[in-house]
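K.L.:
Enclosed is the structure file model_37.txt (compact mmCIF, N, CA and C atoms).
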# COMPACT_ATOMS: atom_id res chain seq x y z
N MET A 1 33.62 33.51 -97.96
CA MET A 1 34.27 34.62 -97.32
C MET A 1 35.70 34.78 -97.82
N LYS A 2 36.35 33.60 -98.06
CA LYS A 2 37.72 33.61 -98.55
C LYS A 2 37.77 34.25 -99.94
N LYS A 3 36.76 33.96 -100.79
CA LYS A 3 36.70 34.54 -102.14
C LYS A 3 36.54 36.05 -102.05
N PHE A 4 35.70 36.50 -101.12
CA PHE A 4 35.46 37.94 -100.96
C PHE A 4 36.73 38.65 -100.54
N LEU A 5 37.47 38.12 -99.60
CA LEU A 5 38.72 38.74 -99.15
C LEU A 5 39.76 38.75 -100.28
N SER A 6 39.81 37.68 -101.06
CA SER A 6 40.74 37.63 -102.20
C SER A 6 40.37 38.67 -103.24
N LEU A 7 39.09 38.77 -103.53
CA LEU A 7 38.61 39.75 -104.50
C LEU A 7 38.89 41.17 -104.00
N ALA A 8 38.67 41.43 -102.71
CA ALA A 8 38.94 42.74 -102.13
C ALA A 8 40.42 43.07 -102.21
N ALA A 9 41.26 42.10 -101.97
CA ALA A 9 42.71 42.31 -102.04
C ALA A 9 43.13 42.63 -103.47
N VAL A 10 42.57 41.94 -104.45
CA VAL A 10 42.90 42.20 -105.86
C VAL A 10 42.45 43.60 -106.27
N VAL A 11 41.24 43.98 -105.88
CA VAL A 11 40.71 45.31 -106.21
C VAL A 11 41.55 46.39 -105.56
N ALA A 12 41.94 46.21 -104.30
CA ALA A 12 42.75 47.20 -103.59
C ALA A 12 44.12 47.33 -104.25
N THR A 13 44.72 46.21 -104.61
CA THR A 13 46.03 46.24 -105.26
C THR A 13 45.94 46.93 -106.62
N ALA A 14 44.91 46.61 -107.37
CA ALA A 14 44.73 47.24 -108.69
C ALA A 14 44.49 48.74 -108.55
N SER A 15 43.74 49.13 -107.55
CA SER A 15 43.46 50.56 -107.33
C SER A 15 44.72 51.31 -106.97
N ILE A 16 45.53 50.74 -106.09
CA ILE A 16 46.79 51.38 -105.70
C ILE A 16 47.71 51.49 -106.91
N PHE A 17 47.77 50.44 -107.71
CA PHE A 17 48.61 50.46 -108.91
C PHE A 17 48.15 51.55 -109.88
N CYS A 18 46.85 51.64 -110.10
CA CYS A 18 46.32 52.65 -111.04
C CYS A 18 46.56 54.06 -110.53
N LEU A 19 46.40 54.29 -109.25
CA LEU A 19 46.62 55.61 -108.69
C LEU A 19 48.09 56.02 -108.78
N SER A 20 48.98 55.06 -108.63
CA SER A 20 50.41 55.39 -108.70
C SER A 20 50.84 55.66 -110.15
N CYS A 21 50.09 55.15 -111.11
CA CYS A 21 50.44 55.36 -112.52
C CYS A 21 49.96 56.70 -113.06
N THR A 22 48.95 57.29 -112.45
CA THR A 22 48.43 58.55 -112.97
C THR A 22 49.39 59.68 -112.66
N SER A 23 49.46 60.60 -113.56
CA SER A 23 50.37 61.73 -113.40
C SER A 23 49.78 62.74 -112.43
N ASN A 24 50.62 63.25 -111.59
CA ASN A 24 50.17 64.28 -110.65
C ASN A 24 50.41 65.67 -111.20
N LYS A 25 50.82 65.75 -112.44
CA LYS A 25 51.04 67.05 -113.05
C LYS A 25 49.70 67.66 -113.40
N SER A 26 49.50 68.89 -113.01
CA SER A 26 48.26 69.57 -113.36
C SER A 26 48.56 70.55 -114.48
N VAL A 27 47.65 70.64 -115.39
CA VAL A 27 47.81 71.56 -116.52
C VAL A 27 47.22 72.90 -116.10
N VAL A 28 48.04 73.93 -116.09
CA VAL A 28 47.60 75.26 -115.72
C VAL A 28 47.62 76.12 -116.97
N GLU A 29 46.47 76.62 -117.35
CA GLU A 29 46.41 77.50 -118.50
C GLU A 29 46.67 78.92 -118.03
N ASN A 30 47.47 79.63 -118.80
CA ASN A 30 47.76 81.02 -118.49
C ASN A 30 46.64 81.88 -119.05
N THR A 31 45.59 82.03 -118.28
CA THR A 31 44.49 82.88 -118.70
C THR A 31 44.35 84.01 -117.69
N ALA A 32 43.80 85.08 -118.18
CA ALA A 32 43.60 86.24 -117.32
C ALA A 32 42.42 87.04 -117.83
N ASN A 33 41.96 87.94 -117.00
CA ASN A 33 40.95 88.88 -117.44
C ASN A 33 41.66 90.03 -118.13
N LYS A 34 41.21 90.38 -119.30
CA LYS A 34 41.80 91.46 -120.07
C LYS A 34 40.94 92.69 -119.88
N ILE A 35 41.56 93.77 -119.45
CA ILE A 35 40.83 95.03 -119.26
C ILE A 35 41.31 96.03 -120.31
N ILE A 36 40.37 96.55 -121.06
CA ILE A 36 40.67 97.55 -122.08
C ILE A 36 40.06 98.87 -121.62
N SER A 37 40.91 99.85 -121.38
CA SER A 37 40.44 101.17 -120.98
C SER A 37 40.07 101.94 -122.24
N MET A 38 38.94 102.58 -122.20
CA MET A 38 38.42 103.27 -123.37
C MET A 38 38.17 104.74 -123.05
N ALA A 39 38.54 105.60 -123.99
CA ALA A 39 38.27 107.04 -123.85
C ALA A 39 37.61 107.52 -125.14
N VAL A 40 36.49 108.21 -125.01
CA VAL A 40 35.76 108.75 -126.16
C VAL A 40 35.77 110.26 -126.03
N PHE A 41 36.24 110.93 -127.08
CA PHE A 41 36.39 112.38 -127.02
C PHE A 41 36.36 112.96 -128.43
N THR A 42 36.41 114.28 -128.50
CA THR A 42 36.49 114.96 -129.78
C THR A 42 37.67 115.91 -129.79
N SER A 43 38.27 116.05 -130.95
CA SER A 43 39.34 117.05 -131.08
C SER A 43 38.87 118.20 -131.95
N ASN A 44 37.59 118.16 -132.33
CA ASN A 44 36.99 119.22 -133.14
C ASN A 44 36.05 120.07 -132.30
N ASP A 45 35.79 121.28 -132.77
CA ASP A 45 34.83 122.16 -132.11
C ASP A 45 33.49 122.02 -132.84
N TYR A 46 32.54 121.38 -132.18
CA TYR A 46 31.24 121.15 -132.79
C TYR A 46 30.18 122.13 -132.27
N THR A 47 30.60 123.30 -131.82
CA THR A 47 29.63 124.25 -131.27
C THR A 47 29.01 125.13 -132.36
N ALA A 48 29.54 125.10 -133.57
CA ALA A 48 28.98 125.93 -134.66
C ALA A 48 27.55 125.49 -134.98
N LYS A 49 26.76 126.44 -135.45
CA LYS A 49 25.36 126.20 -135.76
C LYS A 49 25.16 125.08 -136.79
N VAL A 50 26.10 124.90 -137.69
CA VAL A 50 25.99 123.88 -138.73
C VAL A 50 25.89 122.46 -138.15
N TYR A 51 26.41 122.27 -136.93
CA TYR A 51 26.39 120.94 -136.31
C TYR A 51 25.14 120.69 -135.46
N GLU A 52 24.26 121.69 -135.33
CA GLU A 52 23.03 121.49 -134.57
C GLU A 52 22.21 120.38 -135.24
N GLY A 53 21.69 119.50 -134.44
CA GLY A 53 20.88 118.40 -134.97
C GLY A 53 21.71 117.20 -135.41
N THR A 54 23.02 117.27 -135.25
CA THR A 54 23.87 116.15 -135.63
C THR A 54 24.24 115.37 -134.37
N THR A 55 24.05 114.06 -134.44
CA THR A 55 24.37 113.19 -133.30
C THR A 55 25.41 112.16 -133.71
N ALA A 56 26.02 111.56 -132.71
CA ALA A 56 26.97 110.48 -132.94
C ALA A 56 26.70 109.38 -131.93
N GLY A 57 26.75 108.13 -132.39
CA GLY A 57 26.58 106.97 -131.52
C GLY A 57 27.76 106.04 -131.73
N LEU A 58 27.98 105.15 -130.79
CA LEU A 58 29.14 104.27 -130.82
C LEU A 58 28.72 102.85 -130.47
N SER A 59 29.21 101.90 -131.25
CA SER A 59 29.03 100.49 -130.91
C SER A 59 30.39 99.78 -131.02
N ILE A 60 30.61 98.84 -130.10
CA ILE A 60 31.89 98.15 -130.01
C ILE A 60 31.64 96.65 -130.03
N LYS A 61 32.50 95.93 -130.75
CA LYS A 61 32.43 94.48 -130.80
C LYS A 61 33.84 93.93 -130.58
N VAL A 62 33.97 92.98 -129.66
CA VAL A 62 35.26 92.35 -129.39
C VAL A 62 35.15 90.88 -129.78
N LYS A 63 36.10 90.43 -130.62
CA LYS A 63 36.13 89.05 -131.09
C LYS A 63 37.49 88.43 -130.77
N LYS A 64 37.48 87.11 -130.60
CA LYS A 64 38.73 86.36 -130.50
C LYS A 64 38.60 85.13 -131.37
N GLU A 65 39.73 84.66 -131.86
CA GLU A 65 39.73 83.46 -132.69
C GLU A 65 39.74 82.25 -131.78
N GLN A 66 38.81 81.34 -132.02
CA GLN A 66 38.71 80.13 -131.22
C GLN A 66 38.42 78.97 -132.16
N LYS A 67 39.35 78.03 -132.23
CA LYS A 67 39.23 76.85 -133.10
C LYS A 67 39.00 77.27 -134.54
N GLY A 68 39.74 78.25 -135.01
CA GLY A 68 39.67 78.67 -136.41
C GLY A 68 38.49 79.56 -136.75
N LYS A 69 37.67 79.91 -135.78
CA LYS A 69 36.51 80.77 -136.03
C LYS A 69 36.60 82.00 -135.15
N ASP A 70 36.06 83.10 -135.66
CA ASP A 70 35.95 84.31 -134.85
C ASP A 70 34.72 84.20 -133.96
N VAL A 71 34.94 84.37 -132.66
CA VAL A 71 33.85 84.28 -131.69
C VAL A 71 33.69 85.65 -131.04
N VAL A 72 32.47 86.18 -131.06
CA VAL A 72 32.19 87.46 -130.43
C VAL A 72 32.13 87.25 -128.92
N VAL A 73 32.99 87.96 -128.18
CA VAL A 73 33.02 87.82 -126.72
C VAL A 73 32.37 89.01 -126.02
N LEU A 74 32.13 90.09 -126.75
CA LEU A 74 31.47 91.24 -126.14
C LEU A 74 30.93 92.16 -127.23
N GLU A 75 29.72 92.65 -127.02
CA GLU A 75 29.13 93.70 -127.85
C GLU A 75 28.57 94.75 -126.91
N LYS A 76 28.86 95.99 -127.22
CA LYS A 76 28.40 97.08 -126.35
C LYS A 76 28.05 98.28 -127.22
N SER A 77 26.94 98.92 -126.92
CA SER A 77 26.52 100.11 -127.64
C SER A 77 26.32 101.26 -126.67
N PHE A 78 26.64 102.43 -127.14
CA PHE A 78 26.43 103.65 -126.37
C PHE A 78 25.40 104.49 -127.13
N PRO A 79 24.50 105.13 -126.42
CA PRO A 79 23.43 105.88 -127.10
C PRO A 79 23.98 107.09 -127.87
N SER A 80 23.25 107.44 -128.91
CA SER A 80 23.61 108.63 -129.69
C SER A 80 23.36 109.87 -128.86
N MET A 81 24.19 110.88 -129.10
CA MET A 81 23.98 112.17 -128.43
C MET A 81 24.52 113.27 -129.33
N PRO A 82 24.07 114.49 -129.13
CA PRO A 82 24.52 115.61 -129.96
C PRO A 82 26.04 115.79 -129.90
N LEU A 83 26.62 116.13 -131.03
CA LEU A 83 28.07 116.32 -131.11
C LEU A 83 28.58 117.35 -130.10
N GLN A 84 27.77 118.37 -129.82
CA GLN A 84 28.19 119.41 -128.89
C GLN A 84 28.43 118.88 -127.48
N PHE A 85 27.85 117.73 -127.14
CA PHE A 85 27.98 117.18 -125.79
C PHE A 85 29.25 116.37 -125.57
N PHE A 86 29.96 116.04 -126.65
CA PHE A 86 31.18 115.25 -126.49
C PHE A 86 32.31 116.14 -125.98
N PRO A 87 33.02 115.68 -124.97
CA PRO A 87 34.11 116.49 -124.40
C PRO A 87 35.40 116.36 -125.21
N GLY A 88 36.34 117.25 -124.92
CA GLY A 88 37.67 117.16 -125.50
C GLY A 88 38.46 116.03 -124.84
N ALA A 89 39.68 115.82 -125.29
CA ALA A 89 40.51 114.71 -124.81
C ALA A 89 40.78 114.79 -123.31
N VAL A 90 40.92 115.99 -122.77
CA VAL A 90 41.23 116.14 -121.35
C VAL A 90 40.09 115.62 -120.47
N ASN A 91 38.86 115.83 -120.89
CA ASN A 91 37.68 115.41 -120.12
C ASN A 91 36.94 114.25 -120.78
N ALA A 92 37.64 113.39 -121.47
CA ALA A 92 37.03 112.31 -122.26
C ALA A 92 36.08 111.45 -121.43
N PHE A 93 35.04 110.92 -122.11
CA PHE A 93 34.19 109.92 -121.47
C PHE A 93 35.04 108.67 -121.33
N LYS A 94 35.08 108.11 -120.14
CA LYS A 94 35.92 106.93 -119.90
C LYS A 94 35.07 105.75 -119.50
N ASP A 95 35.48 104.60 -119.97
CA ASP A 95 34.81 103.35 -119.66
C ASP A 95 35.86 102.25 -119.75
N SER A 96 35.54 101.09 -119.27
CA SER A 96 36.45 99.98 -119.42
C SER A 96 35.67 98.74 -119.84
N ILE A 97 36.33 97.91 -120.59
CA ILE A 97 35.74 96.67 -121.08
C ILE A 97 36.57 95.55 -120.46
N GLN A 98 35.90 94.57 -119.85
CA GLN A 98 36.61 93.44 -119.26
C GLN A 98 36.22 92.17 -119.99
N ILE A 99 37.24 91.44 -120.47
CA ILE A 99 37.04 90.18 -121.16
C ILE A 99 37.72 89.11 -120.31
N ALA A 100 36.96 88.09 -119.92
CA ALA A 100 37.50 87.05 -119.03
C ALA A 100 38.13 85.91 -119.84
N GLY A 101 39.13 85.27 -119.24
CA GLY A 101 39.70 84.04 -119.77
C GLY A 101 40.49 84.17 -121.06
N ILE A 102 41.29 85.21 -121.18
CA ILE A 102 42.10 85.38 -122.39
C ILE A 102 43.47 84.74 -122.15
N LYS A 103 43.87 83.86 -123.06
CA LYS A 103 45.17 83.21 -122.98
C LYS A 103 46.23 84.16 -123.54
N ASN A 104 47.47 84.00 -123.07
CA ASN A 104 48.56 84.87 -123.50
C ASN A 104 48.75 84.88 -125.01
N GLU A 105 48.53 83.73 -125.65
CA GLU A 105 48.77 83.66 -127.09
C GLU A 105 47.57 84.11 -127.93
N GLU A 106 46.46 84.43 -127.30
CA GLU A 106 45.28 84.85 -128.04
C GLU A 106 45.34 86.35 -128.37
N THR A 107 44.71 86.69 -129.48
CA THR A 107 44.61 88.08 -129.91
C THR A 107 43.14 88.46 -129.97
N LEU A 108 42.85 89.63 -129.44
CA LEU A 108 41.49 90.17 -129.50
C LEU A 108 41.42 91.18 -130.64
N GLN A 109 40.31 91.17 -131.35
CA GLN A 109 40.04 92.18 -132.37
C GLN A 109 38.92 93.06 -131.84
N VAL A 110 39.24 94.32 -131.60
CA VAL A 110 38.24 95.28 -131.13
C VAL A 110 37.84 96.14 -132.32
N SER A 111 36.58 96.05 -132.70
CA SER A 111 36.05 96.85 -133.80
C SER A 111 35.03 97.83 -133.24
N TYR A 112 35.07 99.05 -133.74
CA TYR A 112 34.08 100.02 -133.30
C TYR A 112 33.50 100.73 -134.51
N THR A 113 32.26 101.11 -134.38
CA THR A 113 31.55 101.83 -135.43
C THR A 113 30.97 103.11 -134.85
N LEU A 114 31.34 104.22 -135.46
CA LEU A 114 30.75 105.52 -135.13
C LEU A 114 29.64 105.78 -136.13
N THR A 115 28.46 106.09 -135.65
CA THR A 115 27.34 106.38 -136.53
C THR A 115 26.93 107.83 -136.32
N TYR A 116 27.10 108.62 -137.37
CA TYR A 116 26.72 110.03 -137.34
C TYR A 116 25.37 110.17 -138.02
N ASN A 117 24.50 110.99 -137.44
CA ASN A 117 23.20 111.27 -138.02
C ASN A 117 23.05 112.78 -138.07
N SER A 118 23.06 113.32 -139.29
CA SER A 118 22.92 114.76 -139.47
C SER A 118 21.59 115.03 -140.16
N ASN A 119 20.58 115.29 -139.34
CA ASN A 119 19.24 115.58 -139.85
C ASN A 119 18.76 114.52 -140.84
N GLY A 120 18.97 113.25 -140.49
CA GLY A 120 18.49 112.14 -141.31
C GLY A 120 19.53 111.55 -142.25
N SER A 121 20.62 112.24 -142.50
CA SER A 121 21.71 111.68 -143.31
C SER A 121 22.64 110.89 -142.39
N ILE A 122 22.79 109.61 -142.69
CA ILE A 122 23.56 108.71 -141.84
C ILE A 122 24.93 108.44 -142.48
N MET A 123 25.98 108.51 -141.66
CA MET A 123 27.31 108.15 -142.11
C MET A 123 27.95 107.30 -141.01
N GLN A 124 28.60 106.21 -141.42
CA GLN A 124 29.28 105.35 -140.45
C GLN A 124 30.77 105.32 -140.73
N MET A 125 31.54 105.33 -139.67
CA MET A 125 32.99 105.20 -139.76
C MET A 125 33.40 104.05 -138.84
N GLN A 126 34.35 103.24 -139.34
CA GLN A 126 34.77 102.08 -138.56
C GLN A 126 36.24 102.13 -138.24
N GLY A 127 36.60 101.50 -137.14
CA GLY A 127 37.99 101.39 -136.73
C GLY A 127 38.22 100.03 -136.09
N ASP A 128 39.47 99.56 -136.15
CA ASP A 128 39.84 98.27 -135.58
C ASP A 128 41.13 98.40 -134.79
N GLU A 129 41.23 97.61 -133.75
CA GLU A 129 42.46 97.50 -132.95
C GLU A 129 42.69 96.02 -132.68
N MET A 130 43.93 95.58 -132.79
CA MET A 130 44.31 94.21 -132.44
C MET A 130 45.05 94.28 -131.10
N ILE A 131 44.65 93.44 -130.17
CA ILE A 131 45.24 93.44 -128.84
C ILE A 131 45.64 92.02 -128.49
N THR A 132 46.89 91.82 -128.09
CA THR A 132 47.34 90.48 -127.71
C THR A 132 47.12 90.27 -126.22
N GLY A 133 47.06 89.00 -125.83
CA GLY A 133 46.86 88.66 -124.43
C GLY A 133 48.04 89.04 -123.56
N LEU A 134 49.21 89.23 -124.17
CA LEU A 134 50.41 89.57 -123.39
C LEU A 134 50.44 91.02 -122.95
N GLU A 135 49.71 91.88 -123.65
CA GLU A 135 49.71 93.30 -123.31
C GLU A 135 49.02 93.49 -121.96
N LYS A 136 49.68 94.20 -121.06
CA LYS A 136 49.13 94.39 -119.70
C LYS A 136 47.98 95.38 -119.70
N GLY A 137 48.26 96.62 -119.94
CA GLY A 137 47.23 97.64 -119.96
C GLY A 137 47.01 98.11 -121.37
N THR A 138 45.79 98.13 -121.79
CA THR A 138 45.48 98.51 -123.15
C THR A 138 44.51 99.66 -123.13
N ALA A 139 44.80 100.67 -123.96
CA ALA A 139 43.92 101.83 -124.06
C ALA A 139 43.38 101.93 -125.48
N LEU A 140 42.12 102.21 -125.57
CA LEU A 140 41.44 102.40 -126.85
C LEU A 140 40.92 103.82 -126.84
N ASN A 141 41.50 104.67 -127.69
CA ASN A 141 41.07 106.06 -127.79
C ASN A 141 40.24 106.24 -129.05
N ILE A 142 39.02 106.72 -128.86
CA ILE A 142 38.10 106.91 -129.98
C ILE A 142 37.80 108.39 -130.10
N ASN A 143 38.20 108.96 -131.23
CA ASN A 143 38.01 110.38 -131.50
C ASN A 143 36.77 110.55 -132.35
N ILE A 144 35.77 111.24 -131.82
CA ILE A 144 34.50 111.48 -132.52
C ILE A 144 34.69 112.61 -133.52
Please render this file's structure as structure tokens.

P.N.:
Amino acid sequence: MKKFLSLAAVVATASIFCLSCTSNKSVVENTANKIISMAVFTSNDYTAKVYEGTTAGLSIKVKKEQKGKDVVVLEKSFPSMPLQFFPGAVNAFKDSIQIAGIKNEETLQVSYTLTYNSNGSIMQMQGDEMITGLEKGTALNINI
């Protein structure tokens, strides 16, 4: 019994010593959800007969660099529709993209591809935006 009490005392003392040596500092990472407001519109008049049968579709990819590699954090596609259906800037189609856990020092690369189909002839146009984690509100305007 004496050995057990001695052993218990040694274990308790060692535990108290170890707990007092550990740091009580907690590491808080500055991460936040990043919201990118998006507006899709046209500044051209596509009501002429020549544009009948022509559609446009949109796909978006958001990447961030993580450990020296680009990691895709979001991919989103919007269905193709006739050019005549796209509104002007005042009535733009609006959407938002939310990316979770972005650190202040991280940069997001937002790439988008517009795919036009004119009676079987396909043309693609690409655009890129770089967005830092420090930017509060970010708007992505895509002109069809």

K.L.:
Atom N of Leu114 of chain A and atom CA of Lys34 of chain A, how far apart in Å?

P.N.:
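Rounded to one decimal, the two atoms are 22.6 Å apart.
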
K.L.:
Check the smallest atom-to-atom distance from each of A:Thr55, A:Thr31, A:Ser37, A:Ser118 to Ala139 of chain A using only C-alpha atoms, then report the winner.

P.N.:
A:Ser37

K.L.:
I'd like the contact shell of Ala32 of chain A - 6 Å cut-off, all atoms listed in the file, skipping same-chain residues fewer than 2 positions apart - returned as a count of residues only.

P.N.:
7

K.L.:
Report the distance between atom C of Val62 of chain A and atom CA of Ala39 of chain A in Å, rounded to one decimal place.

P.N.:
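Here the two named atoms are 17.5 Å from each other.
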
K.L.:
Quick one: residues within 6 Å of Thr113 of chain A, only C-alpha atoms, excluding same-chain residues fewer than 2 positions away - as a count of residues only?

P.N.:
4

K.L.:
Separation of atom CA of Gly57 of chain A and atom CA of Thr107 of chain A, in Å?

P.N.:
26.2 Å

K.L.:
Using all atoms listed in the file, which residue out of A:Ser80, A:Gln124, A:Thr132, A:Asn91 lies closest to Asn104 of chain A?

P.N.:
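That would be A:Thr132, the residue with the smallest distance to Asn104 of chain A.
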
K.L.:
For Met130 of chain A, please output as a VMD selection string all residues within 8 Å (counting only N, CA and C atoms; exclusion window: fewer than 2 positions along the same chain).

P.N.:
chain A and resid 107 to 111 127 to 128 132 to 133

K.L.:
I'd like the contact shell of Val40 of chain A - 6 Å cut-off, all atoms listed in the file, skipping same-chain residues fewer than 4 positions apart - returned as a JSON list (two decimals) with N, CA and C atoms, keeping the file's coordinate frame.

P.N.:
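Final file, part24.json:
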[["chain", "number", "residue", "atom", "x", "y", "z"],
["A", 92, "ALA", "N", 37.64, 113.39, -121.47],
["A", 92, "ALA", "CA", 37.03, 112.31, -122.26],
["A", 92, "ALA", "C", 36.08, 111.45, -121.43],
["A", 93, "PHE", "N", 35.04, 110.92, -122.11],
["A", 93, "PHE", "CA", 34.19, 109.92, -121.47],
["A", 93, "PHE", "C", 35.04, 108.67, -121.33],
["A", 94, "LYS", "N", 35.08, 108.11, -120.14],
["A", 94, "LYS", "CA", 35.92, 106.93, -119.90],
["A", 94, "LYS", "C", 35.07, 105.75, -119.50],
["A", 141, "ASN", "N", 41.50, 104.67, -127.69],
["A", 141, "ASN", "CA", 41.07, 106.06, -127.79],
["A", 141, "ASN", "C", 40.24, 106.24, -129.05],
["A", 142, "ILE", "N", 39.02, 106.72, -128.86],
["A", 142, "ILE", "CA", 38.10, 106.91, -129.98],
["A", 142, "ILE", "C", 37.80, 108.39, -130.10],
["A", 143, "ASN", "N", 38.20, 108.96, -131.23],
["A", 143, "ASN", "CA", 38.01, 110.38, -131.50],
["A", 143, "ASN", "C", 36.77, 110.55, -132.35],
["A", 144, "ILE", "N", 35.77, 111.24, -131.82],
["A", 144, "ILE", "CA", 34.50, 111.48, -132.52],
["A", 144, "ILE", "C", 34.69, 112.61, -133.52]]
